[in-house]
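Asks: First the structure, then my questions, so here it is.
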Amino acid sequence: MKFSAPLKSDSIKVMLLGSGELGKEVVIEAQRLGVETVAVDSYNNAPAQLVANKAYTINMKNKNEILDVIRREKPDFILPEVEAINIDALFTAESEGYHVIPNADAVNKTMNRKNIREFAAVDLELPTSKYEFVSTFEALKSAALNIGFPCVIKPVMSSSGHGQSIAKSEDDLASSWELAKEARGDASELIVEEFITFDYEITLLTARNENQTVFCEPIGHIQQDGDYIFSWQPMNMSETAKEKSKEIAKKITDGLGGRGIFGVELFVKGDEVYFSEVSPRPHDTGMVTMITQSQSEFALHIRAVLGLPLNFIDYGAGASAAYKAKNDSFNPTIDIKDEAFTNTSYVRVFGKPQSHEGRRMAVALTFDKNSSDKALQQAKELIENFND
């Protein structure tokens with residue numbers, strides 16, 4: 001493959017639609033290969049915009065605005081990095097010859113929980129929890145009573161766990177309904193899921209292109225209010241469960257097709273594995289790979305996009321801990337003690353221009369050659385000392 005430099009007539013050009021902290025790392029990895037980068041988001045000075053060659057701020061829900069910036073820049077690859085995006089624009093761009101990663105249909109399926117659940121459970125016959133889709137409160141009550149309590153309730157279209165809750169009894173349904181309806185994204189329809197009493201859940205990062213599919217070591221994670229706060233790699237699991245996880249991840253990513261990295265989320269109970277969700281882009285729990293692998297999930301994403309070999313080395317065990325802002329500020333700062341920067345730990349500050357309570361602003365990364373438990377404990381201790 002021939003490599004060039006940014007801002008040349010023959011530059012390889014990648015456009016990100018969504019430019020948060022994950023997109024920032026994608027841009028950095030692309031630029032390491034001389035790829036020109038264009039970062040697009042709905043607000044100015046988003047993390048990836050600060051490091052990209054070019055930046056645009058548009059309404060990401062507006063089809064014409066997205067197509068305008070695509071036609072103006074003519075990227076070789078379009079990388080949707082968020083779910084809050086106008087999908088019609090991606091189908092139109094693809095019909096005009098632009099290469100959407102992994103492809104517009106995969107983005108469409110995965111941004112809508114109804115589409116991806118039916119694709120996985122019905123078309124691919126993957127094991128999943130019981131589920132029903134509802135659009136009225138009465139239907140929600142009926143579905144919850146049919147599936148049983150506790151049950152998980154969430155909008156079919158939302159991101160980062162917004163609007164998700166667990167109803168433990170019929171008394172919780174009204175608050176779950178209101179929470180789901182207030183979520184960002186499309187809350188016109190909800191999914192009611194059986195709460196599987198799983199032992200743990202994992203993210204299995206799966207990178208693929210036309211020539212190769214590779215799996216990263218399973219990542220364990222802890223969520224709060226539907227959003228990740230801690231992750232660690234590798235997750236200790238049986239070989240049987242690990243192989244079943246790979247089989248499910250291979251089947252869902254082959255079904256979606258295209259290039260790039262996928263974050264396949266799975267529930268594990270003993271040796272049994274259930275499909276939960278999949279994101280066709282780097283995953284927030286996968287930030288731990290910045291300290292555990294020779295090629296992070298972001299580097300693998302770019303390699304897969306460019307059709308390069310996907311080989312990498314596992315360094316050992318590691319963990320990540322997300323720092324969420326405690327205050328609202330238009331000039332956010334984070335007080336991080338020097339002890340966070342050692343030979344086995346460091347911090348990535350995202351550089352978001354504004355904070356609000358609960359917004360993810362940084363991540364602590366820790367490494368232990370042999371024990372993810374020790375790495376996780378170290379990450380928890382580090383993050384406790386962060387303040388804003």
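Residue numbering restarts at 1 for every chain of the structure tokens, chains are lettered A, B, ... in their displayed order, and ligands are numbered from 1 as they appear.
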Using only C-alpha atoms, determine which residues lie at most 6 Å from Ser355 (chain A), disregarding the query and same-chain residues fewer than 5 positions distant; provide the list as an MDAnalysis selection string.

Replies: chainID A and resid 328:329 332

Asks: Could you give me, as CSV, every region 181-265 of chain A residue with an atom at most 9 Å from region 308-325 of chain A, plus its closest atom pair and distance in Å to one decimal, counting only C-alpha atoms, rows ordered by chain then number?

Replies:
residue,atom,partner,partner_atom,distance
A:Ala207,CA,A:Leu310,CA,7.5
A:Arg208,CA,A:Leu310,CA,8.0
A:Asn209,CA,A:Leu308,CA,8.3
A:Asn211,CA,A:Pro309,CA,8.2
A:Gln212,CA,A:Leu310,CA,7.2
A:Thr213,CA,A:Leu310,CA,7.8
A:Val214,CA,A:Leu310,CA,6.8
A:Cys216,CA,A:Asp314,CA,8.5
A:Glu217,CA,A:Asp314,CA,8.2
A:Tyr228,CA,A:Ala322,CA,7.6
A:Ile229,CA,A:Ala322,CA,5.1
A:Phe230,CA,A:Ala321,CA,4.6
A:Ser231,CA,A:Ser320,CA,5.2
A:Trp232,CA,A:Ala319,CA,4.0
A:Gln233,CA,A:Gly318,CA,5.5
A:Pro234,CA,A:Ala317,CA,6.1

Asks: Got time to write the residues from that selection, C-alpha atoms, as an mmCIF file, in the first residue's frame?

Replies:
data_model
loop_
_atom_site.group_PDB
_atom_site.id
_atom_site.type_symbol
_atom_site.label_atom_id
_atom_site.label_comp_id
_atom_site.auth_asym_id
_atom_site.auth_seq_id
_atom_site.Cartn_x
_atom_site.Cartn_y
_atom_site.Cartn_z
ATOM 1 C CA ALA A 207 -11.604 -6.367 13.936
ATOM 2 C CA ARG A 208 -12.253 -7.453 10.364
ATOM 3 C CA ASN A 209 -11.536 -6.626 6.767
ATOM 4 C CA ASN A 211 -8.782 -10.709 4.441
ATOM 5 C CA GLN A 212 -8.813 -11.278 8.170
ATOM 6 C CA THR A 213 -10.811 -11.321 11.408
ATOM 7 C CA VAL A 214 -9.057 -11.006 14.771
ATOM 8 C CA CYS A 216 -8.877 -9.001 21.252
ATOM 9 C CA GLU A 217 -8.834 -10.618 24.671
ATOM 10 C CA TYR A 228 -19.315 2.129 31.631
ATOM 11 C CA ILE A 229 -17.153 3.234 34.565
ATOM 12 C CA PHE A 230 -14.526 0.443 34.811
ATOM 13 C CA SER A 231 -13.167 -2.100 32.339
ATOM 14 C CA TRP A 232 -10.397 -4.673 32.509
ATOM 15 C CA GLN A 233 -8.655 -7.053 30.152
ATOM 16 C CA PRO A 234 -8.497 -9.999 30.001
#

Asks: Which residue out of A:Glu170, A:Asp225, A:Asp271, A:Glu277 has the minimum interatomic distance to Leu204 (chain A) when only C-alpha atoms are used?

Replies: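 Closest to Leu204 (chain A) of all the choices is A:Glu277.
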
Asks: Identify all residues of region 94-159 of chain A in strand (DSSP E) (DSSP on the backbone) and supply them as a ChimeraX atom specification.

Replies: /A:99-100,131-134,151-155

Asks: Can I get the selected residues back with N, CA and C atoms, as an mmCIF file, in the first residue's frame?

Replies:
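Result file is result-v3.cif:
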data_model
loop_
_atom_site.group_PDB
_atom_site.id
_atom_site.type_symbol
_atom_site.label_atom_id
_atom_site.label_comp_id
_atom_site.auth_asym_id
_atom_site.auth_seq_id
_atom_site.Cartn_x
_atom_site.Cartn_y
_atom_site.Cartn_z
ATOM 1 N N HIS A 99 -17.283 5.357 0.608
ATOM 2 C CA HIS A 99 -17.108 4.126 1.381
ATOM 3 C C HIS A 99 -17.423 4.404 2.851
ATOM 4 N N VAL A 100 -18.618 3.981 3.283
ATOM 5 C CA VAL A 100 -19.019 4.118 4.677
ATOM 6 C C VAL A 100 -18.495 2.912 5.456
ATOM 7 N N TYR A 131 -37.453 -10.873 24.685
ATOM 8 C CA TYR A 131 -37.649 -9.435 24.492
ATOM 9 C C TYR A 131 -38.975 -9.158 23.808
ATOM 10 N N GLU A 132 -39.469 -7.941 24.002
ATOM 11 C CA GLU A 132 -40.639 -7.435 23.288
ATOM 12 C C GLU A 132 -40.436 -5.955 23.022
ATOM 13 N N PHE A 133 -41.033 -5.452 21.949
ATOM 14 C CA PHE A 133 -40.976 -4.030 21.626
ATOM 15 C C PHE A 133 -42.338 -3.408 21.914
ATOM 16 N N VAL A 134 -42.317 -2.224 22.513
ATOM 17 C CA VAL A 134 -43.563 -1.569 22.906
ATOM 18 C C VAL A 134 -43.500 -0.089 22.575
ATOM 19 N N CYS A 151 -36.876 -6.807 34.798
ATOM 20 C CA CYS A 151 -36.696 -6.721 33.351
ATOM 21 C C CYS A 151 -35.989 -5.409 33.022
ATOM 22 N N VAL A 152 -35.317 -5.397 31.894
ATOM 23 C CA VAL A 152 -34.566 -4.224 31.453
ATOM 24 C C VAL A 152 -35.401 -3.468 30.437
ATOM 25 N N ILE A 153 -35.483 -2.143 30.607
ATOM 26 C CA ILE A 153 -36.283 -1.303 29.716
ATOM 27 C C ILE A 153 -35.391 -0.204 29.158
ATOM 28 N N LYS A 154 -35.378 -0.047 27.833
ATOM 29 C CA LYS A 154 -34.554 0.988 27.224
ATOM 30 C C LYS A 154 -35.121 1.385 25.868
ATOM 31 N N PRO A 155 -34.818 2.604 25.419
ATOM 32 C CA PRO A 155 -35.272 3.032 24.081
ATOM 33 C C PRO A 155 -34.603 2.180 23.004
#

Asks: One decimal, in Å: what's the spacing between CA of Ala180 (chain A) and CA of Gly163 (chain A)?

Replies: 4.0 Å

Asks: Return the single residue from A:Asn327, A:Ser95, A:Ser165, A:Thr110 that is closest to Phe262 (chain A), with distances computed using only C-alpha atoms.

Replies: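 Of A:Asn327, A:Ser95, A:Ser165, A:Thr110, the one nearest Phe262 (chain A), counting only C-alpha atoms, is A:Thr110.
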
Asks: Find the residues near region 62-73 of chain A: any atom within 9 Å, counting only C-alpha atoms, skip ones fewer than 4 places away on the same chain, and give them as a list in words.

Replies: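 Listing them by chain and then by number gives Lys13, Met15, Leu17, Val38, Val40, Tyr56, Ile58, Ile78, Ile85, Asn86, Ile87, Asp88, Ala89, Leu90, Thr92, Ala93 and Tyr98 of chain A.
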
Asks: Please, could you write that set of residues out with C-alpha atoms as a PDB file, in the first residue's frame?

Replies:
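Result file is again05.pdb:
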ATOM      1  CA  LYS A  13      -8.621  10.958   3.570  1.00  0.00           C
ATOM      2  CA  MET A  15     -13.798  11.631   7.728  1.00  0.00           C
ATOM      3  CA  LEU A  17     -18.869  11.763  11.779  1.00  0.00           C
ATOM      4  CA  VAL A  38     -11.551  15.475   8.878  1.00  0.00           C
ATOM      5  CA  VAL A  40     -17.160  16.488  12.137  1.00  0.00           C
ATOM      6  CA  TYR A  56     -16.560  21.014  10.750  1.00  0.00           C
ATOM      7  CA  ILE A  58     -22.842  20.820  11.739  1.00  0.00           C
ATOM      8  CA  ILE A  78     -16.456   7.809   6.202  1.00  0.00           C
ATOM      9  CA  ILE A  85     -26.683  10.747  13.088  1.00  0.00           C
ATOM     10  CA  ASN A  86     -28.906  10.977  10.014  1.00  0.00           C
ATOM     11  CA  ILE A  87     -28.772   7.489   8.528  1.00  0.00           C
ATOM     12  CA  ASP A  88     -30.345   8.542   5.213  1.00  0.00           C
ATOM     13  CA  ALA A  89     -27.265  10.670   4.557  1.00  0.00           C
ATOM     14  CA  LEU A  90     -25.056   7.577   4.861  1.00  0.00           C
ATOM     15  CA  THR A  92     -27.121   8.454  -0.053  1.00  0.00           C
ATOM     16  CA  ALA A  93     -23.349   8.888   0.307  1.00  0.00           C
ATOM     17  CA  TYR A  98     -18.411   6.876  -0.903  1.00  0.00           C
TER      18      TYR A  98
END

Asks: Tell me, as a short mmCIF file (atom, residue, chain, number, x, y, z; two decimals) with N, CA and C atoms, in the first residue's frame, which residues lie within 10 Å of Arg117 (chain A), counting only C-alpha atoms; anything in the same chain fewer than 3 positions away does not count.

Replies:
data_model
loop_
_atom_site.label_atom_id
_atom_site.label_comp_id
_atom_site.auth_asym_id
_atom_site.auth_seq_id
_atom_site.Cartn_x
_atom_site.Cartn_y
_atom_site.Cartn_z
N LYS A 109 -28.57 -0.91 11.14
CA LYS A 109 -29.02 -2.02 12.00
C LYS A 109 -28.60 -1.81 13.44
N THR A 110 -27.37 -1.39 13.66
CA THR A 110 -26.83 -1.35 15.02
C THR A 110 -27.25 -0.11 15.80
N ASN A 112 -30.20 0.97 15.99
CA ASN A 112 -31.57 0.74 16.41
C ASN A 112 -31.66 -0.64 17.05
N ARG A 113 -31.98 -0.68 18.34
CA ARG A 113 -31.99 -1.95 19.07
C ARG A 113 -32.99 -2.94 18.51
N LYS A 114 -34.06 -2.45 17.92
CA LYS A 114 -35.04 -3.36 17.33
C LYS A 114 -34.44 -4.05 16.11
N ALA A 120 -30.10 -10.35 14.87
CA ALA A 120 -29.31 -11.34 15.59
C ALA A 120 -30.15 -12.56 15.97
N ALA A 121 -31.32 -12.32 16.53
CA ALA A 121 -32.12 -13.43 17.06
C ALA A 121 -32.88 -14.19 15.99
N VAL A 122 -33.40 -13.47 15.00
CA VAL A 122 -34.24 -14.11 13.98
C VAL A 122 -33.41 -14.54 12.77
N ASP A 123 -32.69 -13.59 12.17
CA ASP A 123 -31.94 -13.90 10.95
C ASP A 123 -30.74 -14.79 11.22
N LEU A 124 -29.98 -14.48 12.27
CA LEU A 124 -28.75 -15.23 12.55
C LEU A 124 -28.95 -16.32 13.60
N LEU A 126 -28.96 -16.22 16.84
CA LEU A 126 -28.04 -16.15 17.97
C LEU A 126 -28.82 -16.20 19.27
N THR A 128 -30.21 -15.01 22.62
CA THR A 128 -30.43 -13.72 23.26
C THR A 128 -31.43 -13.90 24.41
N SER A 129 -31.60 -12.85 25.19
CA SER A 129 -32.64 -12.86 26.21
C SER A 129 -34.01 -12.73 25.53
N TYR A 131 -37.45 -10.87 24.69
CA TYR A 131 -37.65 -9.44 24.49
C TYR A 131 -38.97 -9.16 23.81
N VAL A 156 -35.28 2.02 21.88
CA VAL A 156 -34.65 1.27 20.79
C VAL A 156 -33.51 2.06 20.18
N ILE A 191 -37.64 -1.25 24.10
CA ILE A 191 -37.45 -2.69 24.16
C ILE A 191 -37.51 -3.11 25.63
N PHE A 275 -25.94 -13.09 23.15
CA PHE A 275 -25.69 -11.84 22.46
C PHE A 275 -26.50 -10.72 23.10
N SER A 276 -25.86 -9.55 23.28
CA SER A 276 -26.56 -8.39 23.82
C SER A 276 -26.67 -7.29 22.77
N GLU A 277 -25.54 -6.68 22.41
CA GLU A 277 -25.53 -5.59 21.44
C GLU A 277 -24.20 -5.61 20.68
N VAL A 278 -24.12 -4.77 19.65
CA VAL A 278 -22.87 -4.62 18.91
C VAL A 278 -22.77 -3.18 18.41
#

Asks: Can you tell me which residues surround Phe198 (chain A) at a distance of at most 10 Å, considering only C-alpha atoms, apart from same-chain residues fewer than 4 positions away, and format the answer as a ChimeraX atom specification?

Replies: /A:266-270,272-274

Asks: What's the 6 Å shell around Leu16 (chain A), counting only C-alpha atoms, without same-chain residues fewer than 6 positions away, as a list in words?

Replies: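 Once the nearby chain positions are removed, what remains is Ala39, Val40, Leu79 and Pro80 of chain A.
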
Asks: Write out the residues from the selection above, keeping N, CA and C atoms, as a CSV table (one decimal), in the first residue's frame.

Replies:
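The resulting file, part21.csv, is reproduced below:
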chain,number,residue,atom,x,y,z
A,39,ALA,N,-12.6,15.9,11.0
A,39,ALA,CA,-13.5,15.6,12.2
A,39,ALA,C,-14.7,16.5,12.2
A,40,VAL,N,-15.9,15.8,12.2
A,40,VAL,CA,-17.2,16.5,12.1
A,40,VAL,C,-17.9,16.2,13.4
A,79,LEU,N,-16.3,7.4,8.6
A,79,LEU,CA,-16.4,6.6,9.8
A,79,LEU,C,-17.4,7.2,10.7
A,80,PRO,N,-18.6,6.7,10.8
A,80,PRO,CA,-19.6,7.2,11.8
A,80,PRO,C,-19.2,6.8,13.2

Asks: If I take CA of Met361 (chain A) and CA of Pro75 (chain A), how far is one from the other in Å, to one decimal?

Replies: 29.2 Å

Asks: With distances taken over only C-alpha atoms, which residue among A:Gly220, A:Pro353, A:Gly255, A:Gly148 lies nearest Val288 (chain A)?

Replies: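 Ranked by minimum distance to Val288 (chain A), first place goes to A:Gly220.
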
Asks: Measure the distance from CA of Pro6 (chain A) to CA of Glu297 (chain A) in Å and round it to one decimal.

Replies: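 Separation between CA of Pro6 (chain A) and CA of Glu297 (chain A): 22.5 Å.
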
Asks: Rank A:Thr366, A:Asn331, A:Gln378, A:Ser279 by their smallest atom-to-atom distance to Thr344 (chain A), using only C-alpha atoms, and report the top residue only.

Replies: A:Thr366
